[in-house]
file coords18.tsv (TSV, C-alpha atoms and all ligand atoms)
chain	number	residue	atom	x	y	z
A	950	MET	CA	110.63	109.68	129.02
A	951	PHE	CA	107.98	112.40	128.93
A	952	LEU	CA	106.80	112.99	125.36
A	953	VAL	CA	104.33	115.61	124.19
A	954	ARG	CA	101.62	113.81	122.17
A	955	PRO	CA	98.97	115.94	120.45
A	956	PRO	CA	95.72	114.24	119.38
A	957	GLY	CA	96.23	112.18	116.24
A	958	VAL	CA	99.82	111.22	117.08
A	959	TYR	CA	100.78	107.61	117.92
A	960	HIS	CA	101.19	106.80	121.59
A	961	ALA	CA	104.54	105.02	121.92
A	962	ASP	CA	103.66	101.42	122.83
A	963	SER	CA	105.19	97.99	123.43
A	964	ASP	CA	106.43	97.84	119.82
A	965	THR	CA	108.26	101.14	120.31
A	966	SER	CA	109.77	99.88	123.59
A	967	LEU	CA	110.92	96.58	122.10
A	968	LEU	CA	112.76	98.34	119.29
A	969	ILE	CA	114.35	100.76	121.76
A	970	ASP	CA	115.50	97.82	123.92
A	971	VAL	CA	117.21	96.22	120.90
A	972	LEU	CA	118.73	99.56	119.85
A	973	ARG	CA	120.22	100.05	123.31
A	974	ALA	CA	121.35	96.47	123.92
A	975	GLY	CA	123.00	96.17	120.51
A	976	GLY	CA	124.65	99.60	120.59
A	977	TYR	CA	123.47	99.98	116.99
A	978	ALA	CA	123.11	103.77	117.07
A	979	VAL	CA	126.50	104.65	118.56
A	980	GLY	CA	128.32	107.11	116.28
A	981	ARG	CA	125.80	106.44	113.47
A	982	ARG	CA	123.75	108.70	111.22
A	983	VAL	CA	120.25	107.52	112.10
A	984	LEU	CA	116.98	107.88	110.17
A	985	ASP	CA	113.65	107.22	111.93
A	986	VAL	CA	110.91	106.59	109.34
A	987	GLY	CA	107.37	107.26	110.70
A	988	THR	CA	108.59	109.00	113.82
A	989	GLY	CA	105.29	109.86	115.61
A	990	THR	CA	106.30	111.56	118.87
A	991	GLY	CA	109.97	111.03	117.97
A	992	ALA	CA	110.36	108.28	120.58
A	993	LEU	CA	112.78	106.18	118.48
A	994	ALA	CA	114.67	109.21	117.18
A	995	LEU	CA	115.22	110.50	120.72
A	996	ALA	CA	116.26	107.06	121.95
A	997	ALA	CA	118.82	106.83	119.12
A	998	ALA	CA	120.21	110.24	120.07
A	999	ARG	CA	120.46	109.19	123.70
A	1000	CYS	CA	122.25	106.02	122.63
A	1001	GLY	CA	125.00	108.17	121.08
A	1002	ALA	CA	123.95	108.63	117.44
A	1003	ALA	CA	126.17	111.02	115.46
A	1004	SER	CA	123.07	112.60	113.90
A	1005	VAL	CA	119.34	111.91	113.91
A	1006	THR	CA	116.81	112.59	111.15
A	1007	ALA	CA	113.11	111.81	111.43
A	1008	VAL	CA	110.28	111.69	108.88
A	1009	ASP	CA	106.51	111.46	109.24
A	1010	LEU	CA	103.58	111.92	106.90
A	1011	SER	CA	101.58	113.78	109.53
A	1012	LEU	CA	102.12	117.44	110.33
A	1013	ARG	CA	101.10	116.89	113.97
A	1014	SER	CA	103.68	114.12	114.34
A	1015	VAL	CA	106.36	116.30	112.79
A	1016	ALA	CA	105.46	119.10	115.23
A	1017	ALA	CA	105.45	116.68	118.19
A	1018	ALA	CA	108.80	115.12	117.25
A	1019	TRP	CA	110.36	118.56	116.77
A	1020	LEU	CA	108.98	119.80	120.11
A	1021	ASN	CA	110.06	116.65	121.95
A	1022	SER	CA	113.58	116.92	120.53
A	1023	ARG	CA	113.76	120.52	121.83
A	1024	LEU	CA	112.30	119.58	125.23
A	1025	HIS	CA	114.90	116.86	125.65
A	1026	ARG	CA	117.70	118.98	124.16
A	1027	VAL	CA	118.39	116.51	121.41
A	1028	ALA	CA	119.56	117.53	117.93
A	1029	CYS	CA	117.08	116.06	115.45
A	1030	THR	CA	116.11	117.17	111.95
A	1031	VAL	CA	112.45	116.47	111.28
A	1032	HIS	CA	110.85	116.31	107.82
A	1033	ARG	CA	107.25	115.93	106.72
A	1034	GLY	CA	106.73	113.53	103.85
A	1035	ASP	CA	106.14	110.04	102.53
A	1036	LEU	CA	108.57	107.46	103.98
A	1037	CYS	CA	112.09	107.99	102.55
A	1038	GLU	CA	111.10	110.59	99.94
A	1039	PRO	CA	112.13	113.76	101.90
A	1040	VAL	CA	115.64	112.35	102.49
A	1041	ALA	CA	116.09	110.51	99.18
A	1042	SER	CA	119.39	112.27	98.43
A	1043	GLN	CA	120.95	111.35	101.81
A	1044	SER	CA	122.69	108.28	103.24
A	1045	PHE	CA	122.29	106.77	106.70
A	1046	ASP	CA	124.14	104.18	108.75
A	1047	LEU	CA	121.02	103.04	110.56
A	1048	ILE	CA	117.35	103.21	109.56
A	1049	VAL	CA	114.79	102.43	112.27
A	1050	ALA	CA	111.06	102.05	111.78
A	1051	ASN	CA	107.95	101.03	113.66
A	1052	PRO	CA	105.61	101.24	110.67
A	1053	PRO	CA	101.83	100.83	110.52
A	1054	TYR	CA	101.40	97.03	110.29
A	1055	VAL	CA	97.93	96.08	111.54
A	1056	PRO	CA	95.78	94.23	108.97
A	1057	ALA	CA	92.74	96.37	108.11
A	1058	SER	CA	89.43	95.93	106.33
A	1059	SER	CA	90.71	97.45	103.07
A	1060	ASP	CA	93.86	98.50	101.23
A	1061	VAL	CA	92.90	102.20	101.45
A	1062	LEU	CA	95.31	104.08	103.72
A	1063	ARG	CA	93.80	107.25	105.16
A	1064	ARG	CA	96.61	109.73	105.64
A	1065	HIS	CA	94.55	112.32	107.56
A	1066	ARG	CA	93.13	109.94	110.19
A	1067	ILE	CA	94.88	108.47	113.23
A	1068	SER	CA	94.40	105.02	111.62
A	1069	ARG	CA	97.37	106.14	109.50
A	1070	CYS	CA	99.48	105.11	112.52
A	1071	TRP	CA	98.47	101.44	112.45
A	1072	ASP	CA	96.53	100.45	109.31
A	1073	GLY	CA	98.72	98.53	106.89
A	1074	GLY	CA	96.11	97.43	104.34
A	1075	LEU	CA	94.44	94.01	104.08
A	1076	ASP	CA	97.57	92.03	105.00
A	1077	GLY	CA	99.17	94.79	107.11
A	1078	ARG	CA	102.14	94.98	104.78
A	1079	ILE	CA	101.63	97.97	102.45
A	1080	ILE	CA	103.99	100.35	104.29
A	1081	LEU	CA	106.19	97.55	105.65
A	1082	ASP	CA	106.93	96.22	102.16
A	1083	ARG	CA	107.70	99.72	100.88
A	1084	ILE	CA	110.22	100.24	103.70
A	1085	CYS	CA	111.87	96.90	102.87
A	1086	THR	CA	112.27	97.90	99.22
A	1087	GLU	CA	112.82	101.70	99.46
A	1088	GLY	CA	114.98	101.82	102.63
A	1089	PRO	CA	118.06	99.91	101.39
A	1090	ALA	CA	118.81	102.58	98.73
A	1091	LEU	CA	119.49	105.05	101.56
A	1092	LEU	CA	121.93	102.83	103.44
A	1093	ALA	CA	125.58	103.86	103.52
A	1094	PRO	CA	128.17	101.06	103.18
A	1095	GLY	CA	128.05	98.99	106.38
A	1096	GLY	CA	124.58	100.36	107.15
A	1097	MET	CA	121.73	98.54	108.82
A	1098	MET	CA	117.93	98.58	109.09
A	1099	LEU	CA	115.96	97.79	112.26
A	1100	LEU	CA	112.21	97.20	111.98
A	1101	VAL	CA	109.55	96.11	114.43
A	1102	HIS	CA	106.18	94.58	113.54
A	1103	SER	CA	103.68	91.93	114.58
A	1104	ALA	CA	104.12	88.32	113.52
A	1105	VAL	CA	100.48	88.57	112.41
A	1106	CYS	CA	101.78	90.12	109.19
A	1107	ASP	CA	104.38	87.37	108.81
A	1108	GLU	CA	108.04	87.98	109.60
A	1109	ASP	CA	109.09	85.42	106.95
A	1110	ILE	CA	107.73	87.76	104.27
A	1111	THR	CA	109.83	90.60	105.71
A	1112	LEU	CA	112.95	88.40	105.61
A	1113	LYS	CA	112.14	87.53	101.99
A	1114	ARG	CA	111.51	91.18	101.00
A	1115	PHE	CA	114.89	92.15	102.48
A	1116	ALA	CA	116.58	89.26	100.68
A	1117	ASP	CA	114.97	90.43	97.43
A	1118	SER	CA	116.47	93.89	98.13
A	1119	GLY	CA	119.93	92.35	98.60
A	1120	LEU	CA	119.94	92.44	102.40
A	1121	GLN	CA	120.73	89.69	104.88
A	1122	ALA	CA	118.05	89.83	107.57
A	1123	GLU	CA	117.48	88.08	110.88
A	1124	ILE	CA	115.11	88.20	113.84
A	1125	LEU	CA	116.85	89.98	116.71
A	1126	ALA	CA	114.08	89.89	119.31
A	1127	ARG	CA	110.63	88.49	119.94
A	1128	SER	CA	108.11	89.50	122.59
A	1129	ARG	CA	104.61	88.11	123.17
A	1130	VAL	CA	102.03	90.74	124.13
A	1131	VAL	CA	98.32	90.52	124.92
A	1132	PHE	CA	96.09	92.15	122.27
A	1133	GLY	CA	95.35	95.81	122.89
A	1134	PRO	CA	91.92	97.34	122.12
A	1135	LEU	CA	92.59	97.67	118.37
A	1136	MET	CA	93.65	94.03	117.85
A	1137	ARG	CA	90.81	92.82	120.08
A	1138	ALA	CA	88.35	94.75	117.92
A	1139	ARG	CA	89.81	93.12	114.79
A	1140	ALA	CA	90.25	89.62	116.22
A	1141	ALA	CA	87.18	88.14	114.49
A	1142	MET	CA	88.29	89.55	111.13
A	1143	LEU	CA	91.84	88.24	111.66
A	1144	GLU	CA	90.48	84.79	112.59
A	1145	ALA	CA	88.20	84.74	109.54
A	1146	ARG	CA	91.19	85.48	107.30
A	1147	GLY	CA	93.36	82.86	108.99
A	1148	LEU	CA	95.86	85.47	110.19
A	1149	ILE	CA	95.48	84.30	113.80
A	1150	GLU	CA	94.34	81.03	115.41
A	1151	ARG	CA	90.74	80.78	116.61
A	1152	GLY	CA	90.63	82.19	120.17
A	1153	GLN	CA	94.11	83.73	119.90
A	1154	ARG	CA	94.19	87.00	121.77
A	1155	ASP	CA	97.88	87.73	121.88
A	1156	GLU	CA	100.56	88.36	119.29
A	1157	GLU	CA	104.29	88.17	118.95
A	1158	LEU	CA	106.19	91.36	118.17
A	1159	VAL	CA	109.40	90.84	116.23
A	1160	VAL	CA	112.42	93.06	115.69
A	1161	ILE	CA	114.24	92.39	112.43
A	1162	GLY	CA	117.74	93.59	111.65
A	1163	ALA	CA	118.98	93.72	108.04
A	1164	HIS	CA	122.23	94.72	106.40
A	1165	PRO	CA	123.61	94.53	102.85
A	1166	ARG	CA	125.16	91.14	102.03
B	1201	LIG	C1	103.14	102.80	114.61
B	1201	LIG	S1	103.42	104.53	114.46
B	1201	LIG	C2	105.08	104.60	115.15
B	1201	LIG	C3	105.46	105.94	115.74
B	1201	LIG	C4	106.81	105.94	116.47
B	1201	LIG	N1	107.89	105.57	115.58
B	1201	LIG	C5	106.79	105.02	117.65
B	1201	LIG	O1	107.35	103.91	117.57
B	1201	LIG	O2	106.20	105.39	118.69
B	1201	LIG	C6	103.66	104.73	112.71
B	1201	LIG	C7	103.99	106.14	112.26
B	1201	LIG	O3	104.19	106.13	110.84
B	1201	LIG	C8	103.62	107.31	110.29
B	1201	LIG	N2	103.34	107.06	108.87
B	1201	LIG	C9	102.33	106.33	108.33
B	1201	LIG	N3	102.43	106.29	106.99
B	1201	LIG	C10	103.53	107.01	106.67
B	1201	LIG	C11	104.18	107.35	105.44
B	1201	LIG	N4	103.70	106.92	104.25
B	1201	LIG	N5	105.30	108.12	105.48
B	1201	LIG	C12	105.79	108.57	106.68
B	1201	LIG	N6	105.23	108.28	107.87
B	1201	LIG	C13	104.12	107.51	107.87
B	1201	LIG	C14	102.39	107.58	111.13
B	1201	LIG	O4	101.96	108.92	111.04
B	1201	LIG	C15	102.91	107.18	112.54
B	1201	LIG	O5	103.47	108.28	113.19

call {"tool": "encode", "arguments": {"input": "coords18.tsv", "output": "structure tokens"}}
result
Amino acid sequence: MFLVRPPGVYHADSDTSLLIDVLRAGGYAVGRRVLDVGTGTGALALAAARCGAASVTAVDLSLRSVAAAWLNSRLHRVACTVHRGDLCEPVASQSFDLIVANPPYVPASSDVLRRHRISRCWDGGLDGRIILDRICTEGPALLAPGGMMLLVHSAVCDEDITLKRFADSGLQAEILARSRVVFGPLMRARAAMLEARGLIERGQRDEELVVIGAHPR
């Protein structure tokens, strides 16, 4: 799908595609009110709409991403409400049947998240989990009865922790898909740091992406 992507907006990648594959194959968006948290170009939001969502809402911290997602929804003639803001905050009074997210999850050299740099798209703090953990704890409050969350991230930031965070939030979570991908330029550049911290094996230059589905118990 052609997507307008201004500078500073995340280029939909293999993580985006894996989540879209699961969304399609599972029919999770059909007839659902869908929220896409950290929408970037709107790739997941548009995919949900094309899969038959009843409504689609998207949020991003970055003004350029909000503009891109809005423009892409118009270009593809998809109804999508786009908000600028921090994770679930702009839609805190609403309920959704499905929340999808491809959050920033790459371990970085510090816990400082720079909201006005493109690193905002991938840096997740020292362990990669700052935004991921917030989605696991803040997302469930927005779920309507029978609702579900679908997240994608790298196994480098430990899928067992995500399962535990969801359990702590009262959700039953499971791995729905795994896909091994060769490191891109960013992960290659951080490989030595990841090795030194024991987050990857020595010489490892690929990672597993995981899609996790979670719903209230
Ligand atoms: C990995 S990108 C994913 C973009 C898109 N969903 C995709 O899969 O192609 C993460 C997105 O989260 C956004 N983001 C980062 N921190 C955020 C926050 N605190 N609140 C909302 N969005 C945030 C970034 O601007 C970026 O667009």

call {"tool": "closest_atom_pairs", "arguments": {"input": "coords18.tsv", "of": "chain A", "to": "ligand LIG 1201 (chain B)", "cutoff": "6 Å", "atoms": "all atoms listed in the file", "output": "Markdown table"}}
result
| residue | atom | partner | partner_atom | distance |
| --- | --- | --- | --- | --- |
| A:Tyr959 | CA | B:LIG1201 | S1 | 5.3 |
| A:His960 | CA | B:LIG1201 | O2 | 6.0 |
| A:Ala961 | CA | B:LIG1201 | O2 | 3.7 |
| A:Thr965 | CA | B:LIG1201 | O1 | 4.0 |
| A:Gly987 | CA | B:LIG1201 | O3 | 3.4 |
| A:Thr988 | CA | B:LIG1201 | N1 | 3.9 |
| A:Gly989 | CA | B:LIG1201 | O5 | 3.4 |
| A:Ala992 | CA | B:LIG1201 | O2 | 5.4 |
| A:Leu993 | CA | B:LIG1201 | N1 | 5.7 |
| A:Val1008 | CA | B:LIG1201 | C12 | 5.9 |
| A:Asp1009 | CA | B:LIG1201 | N6 | 3.7 |
| A:Leu1010 | CA | B:LIG1201 | C12 | 4.0 |
| A:Ser1011 | CA | B:LIG1201 | O4 | 5.1 |
| A:Ser1014 | CA | B:LIG1201 | O5 | 6.0 |
| A:Gly1034 | CA | B:LIG1201 | C12 | 5.8 |
| A:Asp1035 | CA | B:LIG1201 | N5 | 3.6 |
| A:Leu1036 | CA | B:LIG1201 | N5 | 3.7 |
| A:Asn1051 | CA | B:LIG1201 | C2 | 4.8 |
| A:Pro1052 | CA | B:LIG1201 | C6 | 4.5 |
| A:Pro1053 | CA | B:LIG1201 | C1 | 4.7 |
| A:Arg1069 | CA | B:LIG1201 | C9 | 5.1 |
| A:Cys1070 | CA | B:LIG1201 | C15 | 4.0 |
| A:Trp1071 | CA | B:LIG1201 | C1 | 5.3 |

call {"tool": "closest_residue", "arguments": {"input": "coords18.tsv", "among": "A:Pro1039, A:Gly1162, A:Pro1056, A:Gly1073", "to": "Ile1124 of chain A", "atoms": "only C-alpha atoms"}}
result
A:Gly1162

call {"tool": "closest_residue", "arguments": {"input": "coords18.tsv", "among": "A:Asp1072, A:Gln1153, A:Pro1134, A:Leu1081", "to": "Leu1112 of chain A", "atoms": "all atoms listed in the file"}}
result
A:Leu1081

call {"tool": "residues_around", "arguments": {"input": "coords18.tsv", "residues": "Tyr977 of chain A", "least_positions_apart": "4", "cutoff": "10 Å", "atoms": "all atoms listed in the file", "output": "list in words"}}
result
Val971, Leu972, Arg973, Arg981, Val983, Ala997, Cys1000, Gly1001, Ala1002, Asp1046, Leu1047, Gly1096, Met1097, Met1098 and Leu1099 of chain A

call {"tool": "residues_around", "arguments": {"input": "coords18.tsv", "residues": "Arg1151 of chain A", "least_positions_apart": "6", "cutoff": "10 Å", "atoms": "all atoms listed in the file", "output": "mmCIF file with C-alpha atoms, keeping the file's coordinate frame"}}
result
data_model
loop_
_atom_site.group_PDB
_atom_site.id
_atom_site.type_symbol
_atom_site.label_atom_id
_atom_site.label_comp_id
_atom_site.auth_asym_id
_atom_site.auth_seq_id
_atom_site.Cartn_x
_atom_site.Cartn_y
_atom_site.Cartn_z
ATOM 1 C CA ALA A 1140 90.250 89.620 116.220
ATOM 2 C CA ALA A 1141 87.180 88.140 114.490
ATOM 3 C CA LEU A 1143 91.840 88.240 111.660
ATOM 4 C CA GLU A 1144 90.480 84.790 112.590
ATOM 5 C CA ALA A 1145 88.200 84.740 109.540
#

call {"tool": "residues_near_point", "arguments": {"input": "coords18.tsv", "point": "(118.1, 90.7, 104.4)", "cutoff": "8 Å", "atoms": "all atoms listed in the file", "output": "ChimeraX atom specification"}}
result
/A:1112-1123,1162-1166

call {"tool": "residues_around", "arguments": {"input": "coords18.tsv", "residues": "Leu967 of chain A", "least_positions_apart": "2", "cutoff": "9 Å", "atoms": "only C-alpha atoms", "output": "list in words"}}
result
Asp962, Ser963, Asp964, Thr965, Ile969, Asp970, Val971, Leu972, Val1101, Ala1126, Arg1127, Ser1128, Leu1158, Val1159 and Val1160 of chain A

call {"tool": "closest_residue", "arguments": {"input": "coords18.tsv", "among": "A:Ser1059, A:Ile1048, A:Arg1137, A:Ala996", "to": "Ser966 of chain A", "atoms": "all atoms listed in the file"}}
result
A:Ala996

call {"tool": "atom_distance", "arguments": {"input": "coords18.tsv", "atom1": "atom CA of Val1055 of chain A", "atom2": "atom CA of Glu1087 of chain A"}}
result
20.0 Å

call {"tool": "atom_distance", "arguments": {"input": "coords18.tsv", "atom1": "atom CA of Ala1138 of chain A", "atom2": "atom CA of Ser1058 of chain A"}}
result
11.7 Å

call {"tool": "build_atoms", "arguments": {"input": "coords18.tsv", "residues": "segment 1012-1033 of chain A", "atoms": "N, CA and C atoms", "output": "CSV table (one decimal), keeping the file's coordinate frame"}}
result
chain,number,residue,atom,x,y,z
A,1012,LEU,N,101.6,116.2,109.8
A,1012,LEU,CA,102.1,117.4,110.3
A,1012,LEU,C,102.2,117.5,111.9
A,1013,ARG,N,101.1,116.9,112.5
A,1013,ARG,CA,101.1,116.9,114.0
A,1013,ARG,C,102.2,116.1,114.5
A,1014,SER,N,102.6,115.0,113.9
A,1014,SER,CA,103.7,114.1,114.3
A,1014,SER,C,105.0,114.9,114.2
A,1015,VAL,N,105.1,115.5,113.0
A,1015,VAL,CA,106.4,116.3,112.8
A,1015,VAL,C,106.5,117.4,113.9
A,1016,ALA,N,105.4,118.1,114.2
A,1016,ALA,CA,105.5,119.1,115.2
A,1016,ALA,C,105.8,118.5,116.6
A,1017,ALA,N,105.2,117.3,116.9
A,1017,ALA,CA,105.4,116.7,118.2
A,1017,ALA,C,106.9,116.2,118.3
A,1018,ALA,N,107.4,115.6,117.2
A,1018,ALA,CA,108.8,115.1,117.2
A,1018,ALA,C,109.8,116.3,117.4
A,1019,TRP,N,109.5,117.4,116.7
A,1019,TRP,CA,110.4,118.6,116.8
A,1019,TRP,C,110.3,119.1,118.2
A,1020,LEU,N,109.1,119.3,118.7
A,1020,LEU,CA,109.0,119.8,120.1
A,1020,LEU,C,109.7,118.9,121.1
A,1021,ASN,N,109.4,117.6,121.0
A,1021,ASN,CA,110.1,116.6,122.0
A,1021,ASN,C,111.6,116.7,121.9
A,1022,SER,N,112.1,116.9,120.7
A,1022,SER,CA,113.6,116.9,120.5
A,1022,SER,C,114.1,118.2,121.2
A,1023,ARG,N,113.3,119.3,121.1
A,1023,ARG,CA,113.8,120.5,121.8
A,1023,ARG,C,113.6,120.3,123.3
A,1024,LEU,N,112.5,119.8,123.8
A,1024,LEU,CA,112.3,119.6,125.2
A,1024,LEU,C,113.4,118.8,125.9
A,1025,HIS,N,113.9,117.8,125.1
A,1025,HIS,CA,114.9,116.9,125.6
A,1025,HIS,C,116.3,117.3,125.2
A,1026,ARG,N,116.4,118.4,124.6
A,1026,ARG,CA,117.7,119.0,124.2
A,1026,ARG,C,118.5,118.0,123.3
A,1027,VAL,N,117.8,117.5,122.3
A,1027,VAL,CA,118.4,116.5,121.4
A,1027,VAL,C,118.4,117.1,120.0
A,1028,ALA,N,119.5,117.0,119.3
A,1028,ALA,CA,119.6,117.5,117.9
A,1028,ALA,C,118.9,116.5,117.0
A,1029,CYS,N,117.8,117.0,116.3
A,1029,CYS,CA,117.1,116.1,115.4
A,1029,CYS,C,116.5,116.9,114.3
A,1030,THR,N,116.7,116.5,113.1
A,1030,THR,CA,116.1,117.2,112.0
A,1030,THR,C,114.8,116.4,111.6
A,1031,VAL,N,113.7,117.1,111.5
A,1031,VAL,CA,112.4,116.5,111.3
A,1031,VAL,C,111.9,117.0,110.0
A,1032,HIS,N,111.4,116.0,109.1
A,1032,HIS,CA,110.8,116.3,107.8
A,1032,HIS,C,109.4,115.8,107.7
A,1033,ARG,N,108.6,116.5,107.0
A,1033,ARG,CA,107.2,115.9,106.7
A,1033,ARG,C,107.3,115.3,105.3
